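Trainee: Here you go, this is run-v3.txt (compact mmCIF, C-alpha atoms and all ligand atoms).
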```txt
# COMPACT_ATOMS: atom_id res chain seq x y z
CA MET A 25 -7.43 32.98 7.68
CA ILE A 26 -6.14 33.55 4.15
CA PRO A 27 -7.14 30.38 2.24
CA ILE A 28 -4.73 28.49 0.02
CA ALA A 29 -7.14 28.67 -2.93
CA LYS A 30 -10.64 29.80 -3.79
CA PRO A 31 -12.59 29.13 -6.98
CA TYR A 32 -13.45 32.24 -8.99
CA LEU A 33 -17.20 31.80 -9.44
CA THR A 34 -19.69 34.62 -10.03
CA LYS A 35 -23.35 35.21 -10.87
CA ASP A 36 -22.49 34.33 -14.51
CA GLU A 37 -21.83 30.71 -13.61
CA ALA A 38 -24.87 30.57 -11.28
CA GLN A 39 -27.14 32.02 -13.99
CA SER A 40 -25.77 29.61 -16.58
CA ALA A 41 -26.43 26.61 -14.27
CA TYR A 42 -29.90 28.02 -13.41
CA ASP A 43 -30.84 28.42 -17.07
CA THR A 44 -29.68 24.90 -17.83
CA ILE A 45 -31.68 23.42 -14.97
CA LEU A 46 -34.82 25.11 -16.31
CA THR A 47 -34.36 23.52 -19.74
CA GLY A 48 -35.09 20.17 -18.09
CA TRP A 49 -32.01 18.51 -19.63
CA VAL A 50 -29.48 18.20 -16.82
CA THR A 51 -27.32 15.19 -17.60
CA GLN A 52 -24.80 15.01 -20.47
CA GLY A 53 -26.42 16.82 -23.39
CA PRO A 54 -26.19 20.01 -25.47
CA ARG A 55 -24.24 22.03 -22.90
CA VAL A 56 -21.57 19.31 -22.63
CA GLU A 57 -21.28 19.31 -26.43
CA GLU A 58 -20.92 23.11 -26.42
CA PHE A 59 -18.30 23.00 -23.65
CA GLU A 60 -16.31 20.41 -25.61
CA LYS A 61 -16.47 22.53 -28.77
CA LYS A 62 -15.34 25.65 -26.91
CA PHE A 63 -12.58 23.71 -25.15
CA CYS A 64 -11.26 22.64 -28.57
CA GLU A 65 -11.37 26.23 -29.79
CA TYR A 66 -9.53 27.42 -26.67
CA THR A 67 -6.80 24.78 -26.61
CA GLY A 68 -6.45 24.20 -30.34
CA ALA A 69 -7.19 20.49 -29.82
CA LYS A 70 -8.90 18.51 -32.57
CA PHE A 71 -11.36 16.66 -30.30
CA ALA A 72 -12.46 16.98 -26.66
CA VAL A 73 -14.46 14.60 -24.46
CA ALA A 74 -15.88 15.89 -21.17
CA VAL A 75 -15.95 13.45 -18.25
CA SER A 76 -16.76 13.39 -14.53
CA ASN A 77 -13.23 14.25 -13.30
CA CYS A 78 -9.57 13.92 -14.27
CA THR A 79 -9.17 10.57 -12.53
CA THR A 80 -11.85 9.03 -14.78
CA ALA A 81 -10.26 10.87 -17.73
CA LEU A 82 -6.93 9.19 -16.95
CA HIS A 83 -8.62 5.79 -16.49
CA LEU A 84 -10.27 6.04 -19.93
CA THR A 85 -7.03 7.13 -21.61
CA MET A 86 -5.29 4.06 -20.15
CA ILE A 87 -7.99 1.85 -21.67
CA VAL A 88 -7.98 3.45 -25.13
CA ALA A 89 -4.17 3.42 -25.18
CA GLY A 90 -4.44 -0.36 -24.69
CA ILE A 91 -2.64 -0.50 -21.33
CA LYS A 92 -3.46 -3.70 -19.48
CA ASN A 93 -2.30 -6.55 -17.23
CA ASP A 94 1.33 -6.26 -16.17
CA ASP A 95 2.20 -3.53 -18.68
CA GLU A 96 4.51 -0.91 -17.25
CA VAL A 97 3.76 2.81 -17.40
CA ILE A 98 6.48 5.29 -16.45
CA CYS A 99 5.26 8.33 -14.52
CA PRO A 100 6.56 10.63 -11.80
CA SER A 101 6.00 9.50 -8.22
CA MET A 102 5.86 13.17 -7.33
CA SER A 103 2.27 13.84 -8.32
CA TYR A 104 -1.19 13.62 -6.83
CA VAL A 105 -1.75 9.89 -6.27
CA ALA A 106 -4.50 9.74 -8.95
CA THR A 107 -1.71 9.72 -11.58
CA ALA A 108 -0.43 6.35 -10.34
CA ASN A 109 -3.87 5.03 -9.38
CA CYS A 110 -5.19 5.18 -12.95
CA ILE A 111 -2.38 2.82 -14.02
CA LYS A 112 -3.41 0.42 -11.26
CA TYR A 113 -7.07 0.56 -12.38
CA VAL A 114 -6.10 -1.33 -15.57
CA ARG A 115 -3.91 -3.77 -13.56
CA ALA A 116 -0.72 -2.32 -14.99
CA LYS A 117 2.34 -1.24 -13.00
CA PRO A 118 3.38 2.38 -12.33
CA VAL A 119 7.17 2.70 -12.67
CA PHE A 120 8.25 5.86 -10.90
CA ALA A 121 10.71 8.28 -12.50
CA GLU A 122 12.59 11.13 -10.87
CA VAL A 123 11.78 14.77 -11.46
CA ASN A 124 13.98 17.67 -12.46
CA PRO A 125 15.02 19.59 -9.31
CA VAL A 126 14.24 22.98 -10.85
CA THR A 127 11.02 22.42 -12.82
CA TYR A 128 9.71 19.49 -10.70
CA ASN A 129 8.75 17.84 -13.98
CA ILE A 130 9.55 14.24 -14.94
CA ASP A 131 13.21 13.75 -15.86
CA VAL A 132 13.58 12.44 -19.41
CA ILE A 133 17.02 10.87 -18.80
CA HIS A 134 15.83 8.89 -15.79
CA ALA A 135 12.61 7.93 -17.59
CA GLU A 136 14.62 6.44 -20.48
CA LYS A 137 16.67 4.33 -18.04
CA LEU A 138 13.45 2.78 -16.70
CA ILE A 139 12.21 1.51 -20.08
CA THR A 140 11.93 -2.31 -20.29
CA LYS A 141 10.31 -4.72 -22.71
CA ASN A 142 7.10 -4.37 -20.66
CA THR A 143 6.91 -0.57 -20.90
CA LYS A 144 3.86 0.53 -22.89
CA ALA A 145 3.48 4.22 -22.10
CA ILE A 146 4.90 7.29 -20.42
CA LEU A 147 2.48 9.39 -18.41
CA ILE A 148 3.93 12.87 -17.97
CA VAL A 149 2.51 15.39 -15.49
CA HIS A 150 2.54 19.16 -15.97
CA GLN A 151 3.50 19.85 -12.39
CA ILE A 152 1.22 22.38 -10.66
CA GLY A 153 0.67 24.04 -14.03
CA MET A 154 4.28 24.13 -15.32
CA PRO A 155 4.47 22.24 -18.63
CA ALA A 156 6.80 19.27 -18.89
CA ASP A 157 9.15 19.06 -21.90
CA ILE A 158 6.57 17.46 -24.22
CA ASP A 159 8.85 17.33 -27.28
CA ALA A 160 11.57 15.44 -25.41
CA PHE A 161 9.00 12.84 -24.34
CA LYS A 162 7.47 12.66 -27.82
CA LEU A 163 10.91 11.79 -29.20
CA LEU A 164 11.51 9.21 -26.47
CA CYS A 165 8.12 7.59 -27.08
CA GLU A 166 8.72 7.47 -30.84
CA LYS A 167 12.17 5.91 -30.30
CA TYR A 168 10.76 3.06 -28.15
CA ASN A 169 7.28 2.85 -29.72
CA LEU A 170 5.48 3.91 -26.53
CA LYS A 171 2.23 5.79 -26.00
CA LEU A 172 2.52 9.29 -24.56
CA ILE A 173 -0.20 10.46 -22.18
CA GLU A 174 -0.30 13.90 -20.52
CA ASP A 175 -1.73 14.41 -17.04
CA ALA A 176 -2.63 18.07 -17.41
CA ALA A 177 -4.93 18.09 -14.37
CA CYS A 178 -3.40 21.37 -13.20
CA ALA A 179 -2.41 22.84 -16.57
CA VAL A 180 -5.50 24.26 -18.24
CA GLY A 181 -4.42 27.46 -20.03
CA SER A 182 -0.68 26.76 -19.67
CA SER A 183 1.34 26.59 -22.89
CA TYR A 184 4.43 24.93 -24.25
CA LYS A 185 6.42 26.42 -27.15
CA GLY A 186 3.60 28.86 -27.93
CA LYS A 187 0.79 26.30 -28.10
CA LYS A 188 -1.78 25.58 -25.42
CA ILE A 189 -1.56 22.36 -23.42
CA GLY A 190 -4.11 20.01 -24.98
CA SER A 191 -2.94 20.56 -28.54
CA HIS A 192 0.41 18.74 -28.51
CA SER A 193 -0.27 15.03 -28.28
CA GLU A 194 -2.83 12.25 -28.62
CA LEU A 195 -4.15 11.98 -25.06
CA VAL A 196 -4.30 14.87 -22.60
CA CYS A 197 -6.37 14.88 -19.38
CA PHE A 198 -7.58 17.97 -17.47
CA SER A 199 -9.27 18.52 -14.10
CA PHE A 200 -11.93 21.05 -13.14
CA HIS A 201 -11.79 20.32 -9.41
CA PRO A 202 -12.27 23.55 -7.37
CA ARG A 203 -8.57 23.53 -6.49
CA LYS A 204 -7.74 24.03 -10.17
CA VAL A 205 -7.60 27.30 -12.12
CA ILE A 206 -11.17 26.89 -13.44
CA THR A 207 -13.83 24.61 -12.02
CA THR A 208 -17.10 22.84 -12.73
CA GLY A 209 -17.44 21.59 -9.13
CA ASP A 210 -15.83 18.34 -10.16
CA GLY A 211 -15.14 17.59 -13.79
CA GLY A 212 -12.60 16.60 -16.37
CA MET A 213 -11.78 16.78 -20.07
CA ILE A 214 -9.75 14.64 -22.45
CA THR A 215 -8.35 16.19 -25.62
CA THR A 216 -7.13 14.04 -28.47
CA SER A 217 -5.91 14.40 -32.02
CA ASN A 218 -6.90 10.82 -32.84
CA GLU A 219 -10.43 10.27 -34.19
CA GLU A 220 -10.53 6.59 -33.24
CA TYR A 221 -9.63 7.47 -29.64
CA TYR A 222 -12.26 10.22 -29.69
CA LYS A 223 -15.04 7.84 -30.71
CA ARG A 224 -13.97 5.21 -28.22
CA LEU A 225 -13.69 7.69 -25.33
CA LYS A 226 -17.23 8.95 -25.99
CA PHE A 227 -18.51 5.39 -26.19
CA LEU A 228 -16.83 4.17 -22.98
CA ARG A 229 -17.84 7.19 -20.87
CA GLN A 230 -21.50 6.29 -21.39
CA HIS A 231 -21.78 2.58 -20.57
CA ALA A 232 -20.55 1.50 -24.04
CA MET A 233 -24.10 2.10 -25.33
CA SER A 234 -24.80 1.38 -28.97
CA VAL A 235 -26.92 4.59 -29.27
CA ASN A 236 -26.70 7.52 -26.93
CA ASP A 237 -29.71 8.71 -24.92
CA ARG A 238 -30.14 11.96 -26.88
CA VAL A 239 -30.48 10.08 -30.14
CA ARG A 240 -33.08 7.80 -28.52
CA HIS A 241 -35.02 10.71 -27.06
CA GLN A 242 -35.09 12.60 -30.33
CA SER A 243 -36.08 9.62 -32.47
CA ASP A 244 -39.64 9.18 -33.74
CA LYS A 245 -39.02 5.46 -34.01
CA ILE A 246 -38.58 3.00 -31.15
CA ILE A 247 -34.87 2.36 -30.56
CA PHE A 248 -33.50 -0.19 -28.08
CA GLU A 249 -29.97 0.36 -26.95
CA ASP A 250 -27.45 -2.44 -26.55
CA HIS A 251 -24.34 -2.39 -24.38
CA LEU A 252 -21.51 -3.61 -26.52
CA GLU A 253 -18.89 -4.11 -23.80
CA VAL A 254 -18.43 -3.31 -20.11
CA GLY A 255 -18.46 0.49 -20.11
CA TYR A 256 -18.51 3.23 -17.48
CA ASN A 257 -20.63 6.09 -16.28
CA TYR A 258 -18.01 8.83 -16.46
CA ARG A 259 -20.37 11.53 -17.78
CA MET A 260 -20.21 15.23 -17.00
CA THR A 261 -23.63 16.80 -16.39
CA ASP A 262 -25.03 19.69 -18.44
CA ILE A 263 -25.18 21.74 -15.21
CA GLN A 264 -21.41 21.33 -14.76
CA ALA A 265 -20.79 22.10 -18.44
CA ALA A 266 -22.89 25.28 -18.18
CA VAL A 267 -20.57 26.43 -15.39
CA GLY A 268 -17.50 25.33 -17.36
CA ILE A 269 -18.49 27.37 -20.44
CA LYS A 270 -18.58 30.55 -18.34
CA GLN A 271 -15.32 29.68 -16.58
CA LEU A 272 -13.58 29.08 -19.90
CA GLU A 273 -14.56 32.56 -21.09
CA LYS A 274 -12.64 34.00 -18.12
CA LEU A 275 -9.69 31.64 -18.16
CA ASP A 276 -7.15 33.93 -19.83
CA TRP A 277 -8.03 36.79 -17.49
CA ILE A 278 -7.85 34.48 -14.43
CA ILE A 279 -4.37 33.35 -15.49
CA GLU A 280 -3.25 36.94 -16.07
CA GLU A 281 -4.37 37.82 -12.53
CA ARG A 282 -2.67 34.76 -11.05
CA ARG A 283 0.54 35.64 -12.84
CA LYS A 284 0.45 39.15 -11.37
CA ILE A 285 0.36 37.60 -7.88
CA ALA A 286 3.19 35.22 -8.74
CA LEU A 287 5.22 38.12 -10.11
CA LYS A 288 4.86 39.97 -6.79
CA TYR A 289 6.03 36.88 -4.91
CA ILE A 290 9.03 36.64 -7.24
CA GLU A 291 9.92 40.34 -6.92
CA LYS A 292 9.74 40.38 -3.14
CA LEU A 293 11.06 36.92 -2.26
CA LYS A 294 13.80 36.39 -4.84
CA ASN A 295 16.53 37.81 -2.61
CA ILE A 296 15.86 35.51 0.32
CA ASP A 297 18.85 33.23 0.18
CA CYS A 298 17.38 30.24 2.04
CA ILE A 299 14.53 29.54 -0.40
CA ARG A 300 14.26 28.64 -4.09
CA LEU A 301 11.39 29.90 -6.23
CA PRO A 302 9.85 28.31 -9.34
CA ILE A 303 11.54 29.12 -12.65
CA GLU A 304 9.65 29.56 -15.90
CA GLU A 305 12.10 28.75 -18.67
CA LYS A 306 11.88 30.15 -22.22
CA GLY A 307 9.07 28.46 -24.17
CA TYR A 308 7.20 27.49 -21.03
CA PHE A 309 4.13 29.37 -19.77
CA THR A 310 2.53 28.35 -16.48
CA ASN A 311 -0.94 29.18 -15.18
CA TYR A 312 0.48 29.12 -11.61
CA GLN A 313 -2.16 26.64 -10.49
CA SER A 314 -0.03 26.59 -7.33
CA TYR A 315 2.95 28.60 -6.18
CA SER A 316 5.54 26.53 -4.38
CA ILE A 317 8.60 27.53 -2.39
CA TYR A 318 11.55 25.20 -1.73
CA LEU A 319 13.39 25.49 1.59
CA LYS A 320 17.14 25.11 1.16
CA GLU A 321 19.54 23.46 3.64
CA ASN A 322 20.34 26.81 5.27
CA CYS A 323 16.68 27.58 6.02
CA PRO A 324 16.20 28.47 9.71
CA VAL A 325 12.90 26.50 9.90
CA ASN A 326 11.82 23.16 8.52
CA ARG A 327 8.74 22.72 6.36
CA ASN A 328 6.32 21.74 9.11
CA ASP A 329 7.46 24.56 11.41
CA LEU A 330 7.08 27.07 8.60
CA MET A 331 3.56 25.81 7.83
CA GLN A 332 2.62 26.01 11.53
CA LYS A 333 4.09 29.50 11.91
CA LEU A 334 2.14 30.68 8.87
CA MET A 335 -1.03 29.11 10.24
CA ASP A 336 -0.42 30.88 13.58
CA VAL A 337 -0.53 34.23 11.77
CA GLY A 338 -3.60 33.34 9.70
CA ILE A 339 -2.04 32.11 6.45
CA SER A 340 -2.93 28.70 4.98
CA SER A 341 -0.26 26.70 3.24
CA ARG A 342 0.05 23.12 1.99
CA ARG A 343 2.90 20.65 1.77
CA GLY A 344 4.49 20.44 -1.70
CA VAL A 345 3.38 17.80 -4.17
CA MET A 346 3.32 14.31 -2.60
CA THR A 347 5.45 11.34 -3.58
CA SER A 348 3.11 8.48 -4.43
CA HIS A 349 5.62 5.71 -3.65
CA ARG A 350 5.64 6.80 0.02
CA GLU A 351 1.84 6.91 0.40
CA THR A 352 0.41 4.02 2.45
CA ALA A 353 -1.32 2.48 -0.57
CA TYR A 354 2.03 2.10 -2.35
CA LYS A 355 4.81 2.01 0.22
CA ASP A 356 5.00 -1.77 0.77
CA GLU A 357 5.15 -2.55 -2.93
CA TYR A 358 7.68 0.22 -3.57
CA LYS A 359 9.81 -0.04 -0.42
CA SER A 360 12.99 -0.58 -2.42
CA VAL A 361 12.35 2.49 -4.60
CA LYS A 362 14.45 5.53 -3.71
CA LEU A 363 13.82 8.82 -5.47
CA PRO A 364 16.05 11.30 -3.62
CA VAL A 365 15.19 14.37 -5.71
CA SER A 366 11.42 13.83 -5.51
CA GLU A 367 11.58 12.96 -1.81
CA ASP A 368 13.67 16.02 -1.03
CA ILE A 369 11.38 18.40 -2.95
CA CYS A 370 8.30 16.86 -1.33
CA ASP A 371 9.78 17.18 2.17
CA ARG A 372 11.17 20.68 1.70
CA SER A 373 8.54 22.61 -0.19
CA ILE A 374 5.35 24.38 0.68
CA ILE A 375 2.57 25.87 -1.40
CA ILE A 376 1.39 29.38 -0.57
CA PRO A 377 -1.94 31.07 -1.42
CA VAL A 378 -2.82 32.14 -4.96
CA PHE A 379 -6.45 32.88 -5.86
CA ILE A 380 -8.61 35.51 -7.55
CA PRO A 381 -9.29 38.13 -6.28
CA MET A 382 -6.47 38.46 -3.78
CA VAL A 383 -6.24 41.92 -2.25
CA GLU A 384 -2.93 43.77 -2.24
CA GLU A 385 -2.82 43.77 1.60
CA ASP A 386 -3.09 39.97 1.70
CA ILE A 387 -0.23 39.54 -0.78
CA GLU A 388 1.92 42.00 1.17
CA TYR A 389 0.97 40.32 4.46
CA ILE A 390 2.03 36.87 3.14
CA ILE A 391 5.33 38.30 1.87
CA SER A 392 6.14 40.15 5.10
CA SER A 393 5.17 37.14 7.25
CA LEU A 394 7.46 34.89 5.20
CA LYS A 395 10.28 37.41 5.51
CA LYS A 396 9.84 37.61 9.28
CA ILE A 397 10.13 33.85 9.62
CA LEU A 398 12.85 33.24 7.04
CA LEU A 399 15.21 36.19 7.52
C1 LIG B 1 -1.66 15.80 -11.24
C2 LIG B 1 -3.08 15.38 -10.95
N1 LIG B 1 -3.61 14.33 -11.59
C3 LIG B 1 -4.88 13.94 -11.37
C4 LIG B 1 -5.69 14.58 -10.47
C5 LIG B 1 -7.08 14.10 -10.24
O1 LIG B 1 -8.03 15.07 -10.63
P1 LIG B 1 -9.56 14.95 -10.21
O2 LIG B 1 -9.68 15.40 -8.81
O3 LIG B 1 -10.28 15.86 -11.17
O4 LIG B 1 -9.97 13.54 -10.40
C6 LIG B 1 -5.18 15.68 -9.77
C7 LIG B 1 -6.01 16.38 -8.79
O5 LIG B 1 -5.56 17.03 -7.88
C8 LIG B 1 -3.85 16.08 -10.01
O6 LIG B 1 -3.30 17.13 -9.36
```
When written as structure tokens, how does the structure in this file appear?

Mentor:
Amino acid sequence: MIPIAKPYLTKDEAQSAYDTILTGWVTQGPRVEEFEKKFCEYTGAKFAVAVSNCTTALHLTMIVAGIKNDDEVICPSMSYVATANCIKYVRAKPVFAEVNPVTYNIDVIHAEKLITKNTKAILIVHQIGMPADIDAFKLLCEKYNLKLIEDAACAVGSSYKGKKIGSHSELVCFSFHPRKVITTGDGGMITTSNEEYYKRLKFLRQHAMSVNDRVRHQSDKIIFEDHLEVGYNYRMTDIQAAVGIKQLEKLDWIIEERRKIALKYIEKLKNIDCIRLPIEEKGYFTNYQSYSIYLKENCPVNRNDLMQKLMDVGISSRRGVMTSHRETAYKDEYKSVKLPVSEDICDRSIIIPVFIPMVEEDIEYIISSLKKILL
């Protein structure tokens, strides 16, 4: 079976984790600090705060952005459900916007129509690695005095208008889940250009402690910590960070390799009339975290049949990005919400394998199998 994805992990990462374990410091410590510093250098962000995953990253950004009871946050429904969940964690209300039918990214015109006096923020998602139009949302947020937050779970290494994702706005959240382009097992990162946010994010991720454990351990005087508010344990471990540092060194190469695979898909599939392929517009650079194919009306098979037929010949695929408002946790509350573009894309697209290294024969086999079914 050709898998849908596979993390690119080598002896480098294993050695780095091994060395860290032998230092005896395995929770958040010097390796996390080093990973954060290197992440800033890579993305061009001013500050970075490593956390346990992107869901906790998003939760903390909601808190520092001051989102609370009954506030409204506009976000796409078409996203992994963690995007909407983090708004719920602070007892605010996700308000679902449509996506653009070509880029799958949140539609700025529809988002503006959803703004009310209760709207406090817009949470944009860089859909499966393809950057959203950050500048358009910056302008919209300035116009209505809203916070802008970026869910860049899938977009590490992607860029927008020549600058890496993570360097454009005040709160950007990344994931290092194994399904992403680089991984730390589980893990997340928040980048920010705002020093107050930076300090508060670091404070909240470690139980809102008045002094952190490293300062206490290194002190030659007795120090008792206090807990200044109800905080969280959203720490990344030094073992994860040791893996992340090695992954980050390879990120540009990994993306180059992924783009070569995507290019082959484009070359060989672009003339099939019954499907639509992703488009990378000028100024946008995707890491191809996933490669999705949309099945047009004239497609001889529906999505589920295509997925089954691919599985029958040993090729894994996944449904396209979900719509959160139709998931069981949301569907009663959002039963009156209709998002025809998002629903259509969700129901008609599939994701096909992209991972490193993918041998030429596997790429050719996927292409020829798709052609056999679709032509
Ligand atoms: C768009 C988006 N947001 C948030 C998340 C949550 O990331 P994590 O699994 O690191 O918590 C994901 C994970 O798939 C995602 O795709």

Trainee: Give me, please, the distance in Å between CA of Ala74 (chain A) and CA of Arg238 (chain A), quoted to one decimal.

Mentor: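 CA of Ala74 (chain A) sits 15.9 Å away from CA of Arg238 (chain A).
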
Trainee: Using CA of Ser191 (chain A) and CA of Gln151 (chain A) as the two end points, give the distance in Å to one decimal.

Mentor: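 For CA of Ser191 (chain A) relative to CA of Gln151 (chain A), the distance reads 17.4 Å.
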
Trainee: Find the distance between CA of Thr80 (chain A) and CA of Glu273 (chain A) and write it in Å to one decimal.

Mentor: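 Rounded to one decimal, the two atoms are 24.5 Å apart.
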
Trainee: Within 8 Å of (5.1, 21.5, -13.5) in the file's own coordinates, which protein, DNA or RNA residues have an atom, counting only C-alpha atoms? List them as a PyMOL selection string.

Mentor: chain A and resi 127-129+149-156+310

Trainee: Show which residues sit within 10 Å of His192 (chain A), as a tab-separated table (two decimals) with C-alpha atoms, in the frame of the given file. Count only C-alpha atoms, and ignore same-chain residues fewer than 2 positions away.

Mentor:
```
chain	number	residue	atom	x	y	z
A	67	THR	CA	-6.80	24.78	-26.61
A	68	GLY	CA	-6.45	24.20	-30.34
A	69	ALA	CA	-7.19	20.49	-29.82
A	158	ILE	CA	6.57	17.46	-24.22
A	159	ASP	CA	8.85	17.33	-27.28
A	162	LYS	CA	7.47	12.66	-27.82
A	174	GLU	CA	-0.30	13.90	-20.52
A	183	SER	CA	1.34	26.59	-22.89
A	184	TYR	CA	4.43	24.93	-24.25
A	185	LYS	CA	6.42	26.42	-27.15
A	187	LYS	CA	0.79	26.30	-28.10
A	188	LYS	CA	-1.78	25.58	-25.42
A	189	ILE	CA	-1.56	22.36	-23.42
A	190	GLY	CA	-4.11	20.01	-24.98
A	194	GLU	CA	-2.83	12.25	-28.62
A	195	LEU	CA	-4.15	11.98	-25.06
A	196	VAL	CA	-4.30	14.87	-22.60
A	215	THR	CA	-8.35	16.19	-25.62
A	216	THR	CA	-7.13	14.04	-28.47
A	217	SER	CA	-5.91	14.40	-32.02
```

Trainee: Padding 3 Å on every side, please: axis-aligned box over the listed atoms of ligand LIG 1 (chain B), centre and edge lengths to one decimal in Å, as AutoDock Vina command-line options.

Mentor:
```
--center_x -6.0 --center_y 15.3 --center_z -9.7 --size_x 14.6 --size_y 9.6 --size_z 9.7
```

Trainee: Show me which residues line ligand LIG 1 (chain B), defined as having an atom within 8 Å of a ligand atom where only C-alpha atoms and all ligand atoms count, and present them as an MDAnalysis selection string.

Mentor: chainID A and resid 76:82 103:107 149:152 175:178 198:201 203:204 210:212

Trainee: Give me, as a list in words, all polymer residues having an atom no more than 9 Å from Ile339 (chain A), counting only C-alpha atoms and skipping those fewer than 3 positions away in the same chain.

Mentor: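 In the requested form, the answer reads Met25, Ile26, Pro27, Ile28, Met331, Lys333, Leu334, Met335, Asp336, Ile376, Pro377, Tyr389, Ile390 and Ser393 of chain A.
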
Trainee: Can you write out the residues you just picked, keeping C-alpha atoms, as a PDB file, keeping the file's coordinate frame?

Mentor:
```pdb
ATOM      1  CA  MET A  25      -7.430  32.980   7.680  1.00  0.00           C
ATOM      2  CA  ILE A  26      -6.140  33.550   4.150  1.00  0.00           C
ATOM      3  CA  PRO A  27      -7.140  30.380   2.240  1.00  0.00           C
ATOM      4  CA  ILE A  28      -4.730  28.490   0.020  1.00  0.00           C
ATOM      5  CA  MET A 331       3.560  25.810   7.830  1.00  0.00           C
ATOM      6  CA  LYS A 333       4.090  29.500  11.910  1.00  0.00           C
ATOM      7  CA  LEU A 334       2.140  30.680   8.870  1.00  0.00           C
ATOM      8  CA  MET A 335      -1.030  29.110  10.240  1.00  0.00           C
ATOM      9  CA  ASP A 336      -0.420  30.880  13.580  1.00  0.00           C
ATOM     10  CA  ILE A 376       1.390  29.380  -0.570  1.00  0.00           C
ATOM     11  CA  PRO A 377      -1.940  31.070  -1.420  1.00  0.00           C
ATOM     12  CA  TYR A 389       0.970  40.320   4.460  1.00  0.00           C
ATOM     13  CA  ILE A 390       2.030  36.870   3.140  1.00  0.00           C
ATOM     14  CA  SER A 393       5.170  37.140   7.250  1.00  0.00           C
TER      15      SER A 393
END
```

Trainee: For Thr34 (chain A), which of A:Ser373, A:Ser316, A:Gln271, A:Asn311 is the closest residue, counting only C-alpha atoms?

Mentor: A:Gln271

Trainee: Give me the residues within 12 Å of Ile246 (chain A) as a list in words, counting all atoms listed in the file and dropping any in the same chain fewer than 6 places off.

Mentor: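 Neighbouring residues, sequence-local ones excluded: Val235, Val239 and Arg240 of chain A.
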
Trainee: Please identify all polymer residues within 6 Å of Gln52 (chain A), counting all atoms listed in the file, omitting same-chain residues fewer than 4 positions from it, and present them as a PyMOL selection string.

Mentor: chain A and resi 56+260-262
